[in-house]
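Source file: protein.cif; contents: mmCIF, C-alpha atoms.
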data_input
loop_
_atom_site.group_PDB
_atom_site.id
_atom_site.type_symbol
_atom_site.label_atom_id
_atom_site.label_comp_id
_atom_site.auth_asym_id
_atom_site.auth_seq_id
_atom_site.Cartn_x
_atom_site.Cartn_y
_atom_site.Cartn_z
ATOM 1 C CA VAL A 177 -16.658 40.944 -42.350
ATOM 2 C CA VAL A 178 -19.738 41.366 -40.163
ATOM 3 C CA ILE A 179 -20.784 37.760 -40.852
ATOM 4 C CA VAL A 180 -17.320 36.445 -39.971
ATOM 5 C CA LEU A 181 -17.264 38.419 -36.728
ATOM 6 C CA PHE A 182 -20.741 37.163 -35.842
ATOM 7 C CA LEU A 183 -19.734 33.528 -36.416
ATOM 8 C CA ALA A 184 -16.616 34.021 -34.301
ATOM 9 C CA LEU A 185 -18.721 35.366 -31.437
ATOM 10 C CA VAL A 186 -21.164 32.441 -31.698
ATOM 11 C CA LEU A 187 -18.311 29.927 -31.532
ATOM 12 C CA ASN A 188 -16.826 31.758 -28.573
ATOM 13 C CA TRP A 189 -20.132 31.776 -26.709
ATOM 14 C CA PHE A 190 -21.301 28.247 -27.357
ATOM 15 C CA GLY A 191 -18.256 26.182 -28.290
ATOM 16 C CA PRO A 192 -16.457 26.135 -24.905
ATOM 17 C CA ASN A 193 -19.708 25.600 -22.986
ATOM 18 C CA GLU A 194 -20.626 22.552 -25.056
ATOM 19 C CA GLN A 195 -17.126 21.172 -24.614
ATOM 20 C CA SER A 196 -17.292 21.841 -20.877
ATOM 21 C CA GLN A 197 -20.612 19.970 -20.609
ATOM 22 C CA GLU A 198 -19.122 17.053 -22.521
ATOM 23 C CA ASN A 199 -16.172 16.892 -20.133
ATOM 24 C CA VAL A 200 -18.482 16.895 -17.104
ATOM 25 C CA THR A 201 -20.575 14.121 -18.638
ATOM 26 C CA THR A 202 -17.611 11.899 -19.384
ATOM 27 C CA THR A 203 -15.674 12.465 -16.159
ATOM 28 C CA ASP A 204 -18.249 12.722 -13.357
ATOM 29 C CA VAL A 205 -18.280 9.161 -12.077
ATOM 30 C CA ARG A 206 -21.329 9.738 -9.864
ATOM 31 C CA ALA A 207 -23.498 9.183 -12.943
ATOM 32 C CA TYR A 208 -22.576 5.482 -12.711
ATOM 33 C CA LEU A 209 -24.090 4.959 -9.244
ATOM 34 C CA PRO A 210 -27.192 7.144 -8.790
ATOM 35 C CA PRO A 211 -28.004 7.785 -5.094
ATOM 36 C CA LEU A 212 -31.578 6.491 -5.187
ATOM 37 C CA GLN A 213 -32.487 5.429 -1.657
ATOM 38 C CA GLY A 214 -34.612 2.297 -1.623
ATOM 39 C CA ILE A 215 -33.712 1.071 -5.102
ATOM 40 C CA THR A 216 -32.874 -2.655 -5.287
ATOM 41 C CA TYR A 217 -30.934 -4.479 -8.000
ATOM 42 C CA PHE A 218 -31.408 -8.229 -8.507
ATOM 43 C CA PHE A 219 -28.581 -10.219 -10.103
ATOM 44 C CA VAL A 220 -28.731 -13.760 -11.445
ATOM 45 C CA GLY A 221 -25.587 -15.855 -11.178
ATOM 46 C CA GLU A 222 -23.557 -18.480 -12.978
ATOM 47 C CA GLY A 223 -20.584 -20.506 -11.808
ATOM 48 C CA MET A 224 -21.204 -20.736 -8.077
ATOM 49 C CA GLU A 225 -23.983 -20.663 -5.496
ATOM 50 C CA TYR A 226 -23.505 -17.101 -4.332
ATOM 51 C CA ALA A 227 -23.067 -15.499 -7.765
ATOM 52 C CA ALA A 228 -26.730 -14.463 -7.559
ATOM 53 C CA PHE A 229 -27.338 -11.607 -5.151
ATOM 54 C CA SER A 230 -29.411 -8.499 -4.535
ATOM 55 C CA ARG A 231 -28.035 -5.011 -3.953
ATOM 56 C CA ARG A 232 -29.983 -2.247 -2.230
ATOM 57 C CA ILE A 233 -29.242 1.398 -1.570
ATOM 58 C CA THR A 234 -30.469 1.818 1.998
ATOM 59 C CA HIS A 235 -29.221 5.273 3.005
ATOM 60 C CA VAL A 236 -27.942 8.328 1.160
ATOM 61 C CA ALA A 237 -26.512 11.691 2.160
ATOM 62 C CA PRO A 238 -24.597 14.332 0.206
ATOM 63 C CA GLY A 239 -21.401 12.615 -0.876
ATOM 64 C CA PHE A 240 -22.288 9.226 0.691
ATOM 65 C CA ILE A 241 -24.176 6.057 -0.264
ATOM 66 C CA GLN A 242 -24.828 2.957 1.847
ATOM 67 C CA LEU A 243 -25.015 -0.254 -0.206
ATOM 68 C CA GLU A 244 -26.150 -3.614 1.139
ATOM 69 C CA ASP A 245 -25.458 -6.820 -0.790
ATOM 70 C CA LEU A 246 -27.409 -9.933 0.156
ATOM 71 C CA SER A 247 -26.267 -13.379 -1.006
ATOM 72 C CA GLY A 248 -25.070 -15.893 1.591
ATOM 73 C CA THR A 249 -24.702 -13.085 4.096
ATOM 74 C CA ASN A 250 -25.526 -9.391 4.234
ATOM 75 C CA LEU A 251 -22.642 -7.043 3.428
ATOM 76 C CA ALA A 252 -23.011 -3.328 4.142
ATOM 77 C CA GLN A 253 -20.646 -0.866 2.490
ATOM 78 C CA VAL A 254 -20.262 2.889 2.738
ATOM 79 C CA LEU A 255 -19.212 4.734 -0.396
ATOM 80 C CA GLU A 256 -17.845 8.244 -0.527
ATOM 81 C CA THR A 257 -18.820 9.786 -3.855
ATOM 82 C CA SER A 258 -17.367 12.735 -5.733
ATOM 83 C CA PRO A 259 -17.069 13.713 -9.395
ATOM 84 C CA GLN A 260 -13.590 12.141 -9.357
ATOM 85 C CA GLU A 261 -14.197 8.752 -7.732
ATOM 86 C CA LEU A 262 -16.440 6.209 -6.054
ATOM 87 C CA ARG A 263 -14.590 4.951 -2.975
ATOM 88 C CA ILE A 264 -15.674 2.295 -0.462
ATOM 89 C CA THR A 265 -14.460 3.420 2.960
ATOM 90 C CA TRP A 266 -16.299 0.973 5.251
ATOM 91 C CA SER A 267 -17.385 -2.686 5.006
ATOM 92 C CA GLU A 268 -19.355 -4.738 7.494
ATOM 93 C CA GLU A 269 -20.474 -8.334 7.073
ATOM 94 C CA GLU A 270 -23.436 -9.926 8.855
ATOM 95 C CA PHE A 271 -25.195 -6.560 8.925
ATOM 96 C CA TYR A 272 -28.927 -7.014 9.558
ATOM 97 C CA GLU A 273 -29.931 -3.663 10.994
ATOM 98 C CA ASN A 274 -31.752 -0.673 9.551
ATOM 99 C CA ASP A 275 -29.227 1.826 10.863
ATOM 100 C CA SER A 276 -27.282 4.268 8.758
ATOM 101 C CA LEU A 277 -23.512 3.871 8.780
ATOM 102 C CA LEU A 278 -22.837 6.983 6.742
ATOM 103 C CA ASP A 279 -21.300 9.141 9.473
ATOM 104 C CA ALA A 280 -18.183 8.217 11.420
ATOM 105 C CA PRO A 281 -19.787 8.343 14.911
ATOM 106 C CA SER A 282 -22.361 5.730 13.873
ATOM 107 C CA ARG A 283 -19.525 3.366 12.927
ATOM 108 C CA ALA A 284 -17.428 3.922 16.023
ATOM 109 C CA GLY A 285 -17.031 0.816 18.145
ATOM 110 C CA ARG A 286 -18.713 -1.570 15.712
ATOM 111 C CA GLU A 287 -16.835 -4.853 16.012
ATOM 112 C CA GLY A 288 -18.111 -6.382 12.776
ATOM 113 C CA GLY A 289 -16.950 -3.620 10.455
ATOM 114 C CA ARG A 290 -13.691 -2.155 9.297
ATOM 115 C CA SER A 291 -12.327 0.741 7.326
ATOM 116 C CA THR A 292 -11.507 -0.090 3.719
ATOM 117 C CA ASP A 293 -9.973 1.647 0.739
ATOM 118 C CA LEU A 294 -11.519 0.364 -2.495
ATOM 119 C CA VAL A 295 -11.891 2.722 -5.464
ATOM 120 C CA LEU A 296 -14.544 1.331 -7.806
ATOM 121 C CA LEU A 297 -14.387 4.077 -10.434
ATOM 122 C CA LYS A 298 -11.968 6.919 -10.944
ATOM 123 C CA ALA A 299 -11.952 9.838 -13.354
ATOM 124 C CA PRO A 300 -11.173 10.432 -16.093
ATOM 125 C CA LEU A 301 -13.449 7.798 -17.591
ATOM 126 C CA THR A 302 -11.145 7.111 -20.482
ATOM 127 C CA LYS A 303 -9.764 3.849 -21.798
ATOM 128 C CA GLY A 304 -6.378 3.113 -20.248
ATOM 129 C CA ASN A 305 -6.904 5.029 -17.001
ATOM 130 C CA THR A 306 -5.357 3.025 -14.151
ATOM 131 C CA TRP A 307 -5.288 3.173 -10.349
ATOM 132 C CA SER A 308 -4.715 0.871 -7.369
ATOM 133 C CA ASP A 309 -6.285 0.287 -3.975
ATOM 134 C CA GLU A 310 -5.861 -2.202 -1.137
ATOM 135 C CA ARG A 311 -7.152 -5.175 -3.163
ATOM 136 C CA PHE A 312 -6.764 -4.500 -6.870
ATOM 137 C CA SER A 313 -4.852 -2.875 -9.652
ATOM 138 C CA ARG A 314 -7.647 -1.427 -11.778
ATOM 139 C CA GLU A 315 -7.855 -0.309 -15.382
ATOM 140 C CA ILE A 316 -10.634 1.057 -17.566
ATOM 141 C CA VAL A 317 -10.530 -1.202 -20.619
ATOM 142 C CA SER A 318 -13.593 0.176 -22.429
ATOM 143 C CA VAL A 319 -15.981 3.123 -22.225
ATOM 144 C CA ASP A 320 -18.276 2.240 -25.129
ATOM 145 C CA GLU A 321 -19.090 -1.426 -24.588
ATOM 146 C CA THR A 322 -22.459 -2.880 -25.588
ATOM 147 C CA VAL A 323 -23.531 -5.345 -22.900
ATOM 148 C CA THR A 324 -26.535 -7.670 -22.822
ATOM 149 C CA VAL A 325 -27.864 -8.844 -19.461
ATOM 150 C CA PRO A 326 -31.251 -10.380 -18.577
ATOM 151 C CA LEU A 327 -32.675 -6.892 -17.944
ATOM 152 C CA GLY A 328 -31.811 -5.742 -21.475
ATOM 153 C CA VAL A 329 -29.132 -4.227 -23.692
ATOM 154 C CA PHE A 330 -26.960 -1.368 -22.425
ATOM 155 C CA TYR A 331 -24.746 0.890 -24.514
ATOM 156 C CA ASP A 332 -21.617 2.931 -23.755
ATOM 157 C CA VAL A 333 -20.896 0.749 -20.739
ATOM 158 C CA VAL A 334 -17.711 1.445 -18.770
ATOM 159 C CA VAL A 335 -15.691 -1.738 -18.188
ATOM 160 C CA VAL A 336 -13.134 -1.921 -15.367
ATOM 161 C CA LYS A 337 -10.564 -4.729 -15.191
ATOM 162 C CA ASN A 338 -9.513 -5.573 -11.627
ATOM 163 C CA LYS A 339 -6.337 -7.602 -11.117
ATOM 164 C CA SER A 340 -5.788 -9.039 -7.654
ATOM 165 C CA ALA A 341 -2.919 -7.474 -5.717
ATOM 166 C CA THR A 342 -2.133 -10.805 -4.053
ATOM 167 C CA SER A 343 -2.798 -13.439 -6.723
ATOM 168 C CA ASN A 344 -1.973 -13.732 -10.407
ATOM 169 C CA ASP A 345 -4.776 -16.272 -10.790
ATOM 170 C CA PHE A 346 -7.687 -13.889 -10.194
ATOM 171 C CA VAL A 347 -9.065 -11.232 -12.538
ATOM 172 C CA GLN A 348 -12.426 -9.497 -12.312
ATOM 173 C CA TYR A 349 -14.358 -7.372 -14.804
ATOM 174 C CA GLU A 350 -17.054 -4.957 -13.687
ATOM 175 C CA TYR A 351 -19.509 -3.319 -16.071
ATOM 176 C CA TYR A 352 -21.124 0.034 -15.219
ATOM 177 C CA ALA A 353 -24.041 1.612 -17.101
ATOM 178 C CA LYS A 354 -24.770 5.296 -16.817
ATOM 179 C CA ASN A 355 -27.706 6.219 -14.550
ATOM 180 C CA ILE A 356 -27.992 2.546 -13.476
ATOM 181 C CA GLY A 357 -24.773 1.391 -11.805
ATOM 182 C CA LEU A 358 -23.249 -2.075 -11.838
ATOM 183 C CA ILE A 359 -24.967 -4.309 -14.411
ATOM 184 C CA LYS A 360 -22.513 -7.211 -14.625
ATOM 185 C CA ARG A 361 -19.557 -8.698 -12.761
ATOM 186 C CA GLU A 362 -17.336 -11.451 -14.125
ATOM 187 C CA SER A 363 -14.674 -13.098 -11.954
ATOM 188 C CA LEU A 364 -12.084 -15.412 -13.491
ATOM 189 C CA PHE A 365 -9.823 -17.603 -11.377
ATOM 190 C CA VAL A 366 -7.765 -20.752 -11.774
ATOM 191 C CA GLN A 367 -8.927 -23.876 -9.948
ATOM 192 C CA ASN A 368 -7.237 -27.251 -10.405
ATOM 193 C CA GLY A 369 -5.516 -25.941 -13.487
ATOM 194 C CA GLN A 370 -8.762 -24.792 -15.111
ATOM 195 C CA THR A 371 -10.071 -21.250 -15.519
ATOM 196 C CA VAL A 372 -13.417 -20.851 -13.768
ATOM 197 C CA ALA A 373 -15.826 -18.001 -14.514
ATOM 198 C CA VAL A 374 -18.321 -16.675 -11.957
ATOM 199 C CA VAL A 375 -20.762 -14.218 -13.493
ATOM 200 C CA SER A 376 -23.433 -12.001 -11.920
ATOM 201 C CA SER A 377 -25.824 -10.248 -14.340
ATOM 202 C CA LEU A 378 -28.556 -7.712 -13.641
ATOM 203 C CA LYS A 379 -32.033 -9.201 -14.053
ATOM 204 C CA SER A 380 -34.382 -6.604 -12.585
ATOM 205 C CA ILE A 381 -34.644 -3.373 -10.622
ATOM 206 C CA THR A 382 -37.302 -2.199 -8.215
ATOM 207 C CA GLY A 383 -37.962 1.492 -7.447
ATOM 208 C CA PRO A 384 -37.965 4.219 -6.511
ATOM 209 C CA PHE A 385 -37.139 5.645 -9.927
ATOM 210 C CA PRO A 386 -36.487 9.240 -11.005
ATOM 211 C CA GLN A 387 -39.582 11.186 -12.031
#

Is it possible to give me this structure as structure tokens?
Amino acid sequence: VVIVLFLALVLNWFGPNEQSQENVTTTDVRAYLPPLQGITYFFVGEGMEYAAFSRRITHVAPGFIQLEDLSGTNLAQVLETSPQELRITWSEEEFYENDSLLDAPSRAGREGGRSTDLVLLKAPLTKGNTWSDERFSREIVSVDETVTVPLGVFYDVVVVKNKSATSNDFVQYEYYAKNIGLIKRESLFVQNGQTVAVVSSLKSITGPFPQ
């Protein structure tokens, strides 16, 4: 009887905590875009000239990340981050400054930017989870994908399928690796009756890196 009671207490102490940690790990979407200021991702491209691009995290603050994508032009985006979602709330093209856009006063009066509502990832990170924003209907189609890109092989990758809200001829897949971020983007669209694929794949990363 004593042994049974002891085992019951052990399960009560440790079982729920382990389950709780597992839930946090699988639902906190911030793990799929670490806020590492100064880190730069380099993507190689296939299918069109601007499929290759670089992405840099230029500014961070609690709950906010500023991303800048450089291909044909420089696109700055402000993301609001929480355990439940990664949401782009501001986009500005032709951005060539060093300024932070993370707080609302710094964005006030900027003619080149605009408020946006794009939800890149949304909890729970489970297959079949769906949501919509101003551009896409999104669905998590896999949470355990193995993906090979020039940088290497990644496991347990989350794959999001994005269907255009305005065109039936455009579908995009984005691949997110834990503690890295976006590692691959594949856009499929119909042109002259043929399906065209434009693919961007992660080739390298420069620091800083976690210690």

Which range 230-315 of chain A residues have any atom within 12 Å of an atom of range 375-379 of chain A, and for each, what is the nearest pair of atoms with distance in Å to one decimal, counting only C-alpha atoms, rows sorted by chain and number, as a tab-separated table?
residue	atom	partner	partner_atom	distance
A:Ser230	CA	A:Leu378	CA	9.2
A:Arg231	CA	A:Leu378	CA	10.1
A:Ser247	CA	A:Ser376	CA	11.4

Restricting it to C-alpha atoms, dump the selection as a PDB file, in the frame of the given file.
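In the end it all went to part19.pdb:
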ATOM      1  CA  SER A 230     -29.411  -8.499  -4.535  1.00  0.00           C
ATOM      2  CA  ARG A 231     -28.035  -5.011  -3.953  1.00  0.00           C
ATOM      3  CA  SER A 247     -26.267 -13.379  -1.006  1.00  0.00           C
TER       4      SER A 247
END

Looking at A:Ile233, A:Leu246, A:Val336, A:Ile215, which one is nearest to Leu296 in chain A, with distances taken over all atoms listed in the file? A:Val336

Distance query Thr265 in chain A at most 7 Å, all atoms listed in the file, self and fewer than 6 positions along chain excluded, as a ChimeraX atom specification: /A:254-256,291-294

How many Å lie between CA of Ser267 in chain A and CA of Tyr351 in chain A, rounded to one decimal? 21.2 Å

Pick out the residues sitting within 7 Å of Tyr331 in chain A, and hand them over as a PDB file with C-alpha atoms, in the frame of the given file; count only C-alpha atoms, and ignore anything fewer than 2 positions along from it in its own chain.
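Written file, out-v1.pdb:
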ATOM      1  CA  ASP A 320     -18.276   2.240 -25.129  1.00  0.00           C
ATOM      2  CA  GLU A 321     -19.090  -1.426 -24.588  1.00  0.00           C
ATOM      3  CA  THR A 322     -22.459  -2.880 -25.588  1.00  0.00           C
ATOM      4  CA  VAL A 323     -23.531  -5.345 -22.900  1.00  0.00           C
ATOM      5  CA  VAL A 329     -29.132  -4.227 -23.692  1.00  0.00           C
ATOM      6  CA  VAL A 333     -20.896   0.749 -20.739  1.00  0.00           C
TER       7      VAL A 333
END

Name the residues in contact with Glu315 in chain A at a cut-off of 7 Å, using all atoms listed in the file, excluding same-chain residues fewer than 2 positions from it; report them as a PDB file with C-alpha atoms, in the frame of the given file.
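What ended up in around_4.pdb:
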ATOM      1  CA  GLY A 304      -6.378   3.113 -20.248  1.00  0.00           C
ATOM      2  CA  ASN A 305      -6.904   5.029 -17.001  1.00  0.00           C
ATOM      3  CA  THR A 306      -5.357   3.025 -14.151  1.00  0.00           C
ATOM      4  CA  TRP A 307      -5.288   3.173 -10.349  1.00  0.00           C
ATOM      5  CA  SER A 313      -4.852  -2.875  -9.652  1.00  0.00           C
ATOM      6  CA  VAL A 317     -10.530  -1.202 -20.619  1.00  0.00           C
ATOM      7  CA  VAL A 336     -13.134  -1.921 -15.367  1.00  0.00           C
ATOM      8  CA  LYS A 337     -10.564  -4.729 -15.191  1.00  0.00           C
ATOM      9  CA  ASN A 338      -9.513  -5.573 -11.627  1.00  0.00           C
TER      10      ASN A 338
END

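Excluding Asp204 in chain A itself and same-chain residues fewer than 5 positions from it, the residues having an atom within 7 Å of it are Pro259, Gln260 and Ala299 of chain A, counting only C-alpha atoms.
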
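Compared by their closest atoms to Leu327 in chain A, and using only C-alpha atoms, the residues A:Ile381, A:Thr234, A:Arg283, A:Thr216 rank with A:Ile381 nearest.
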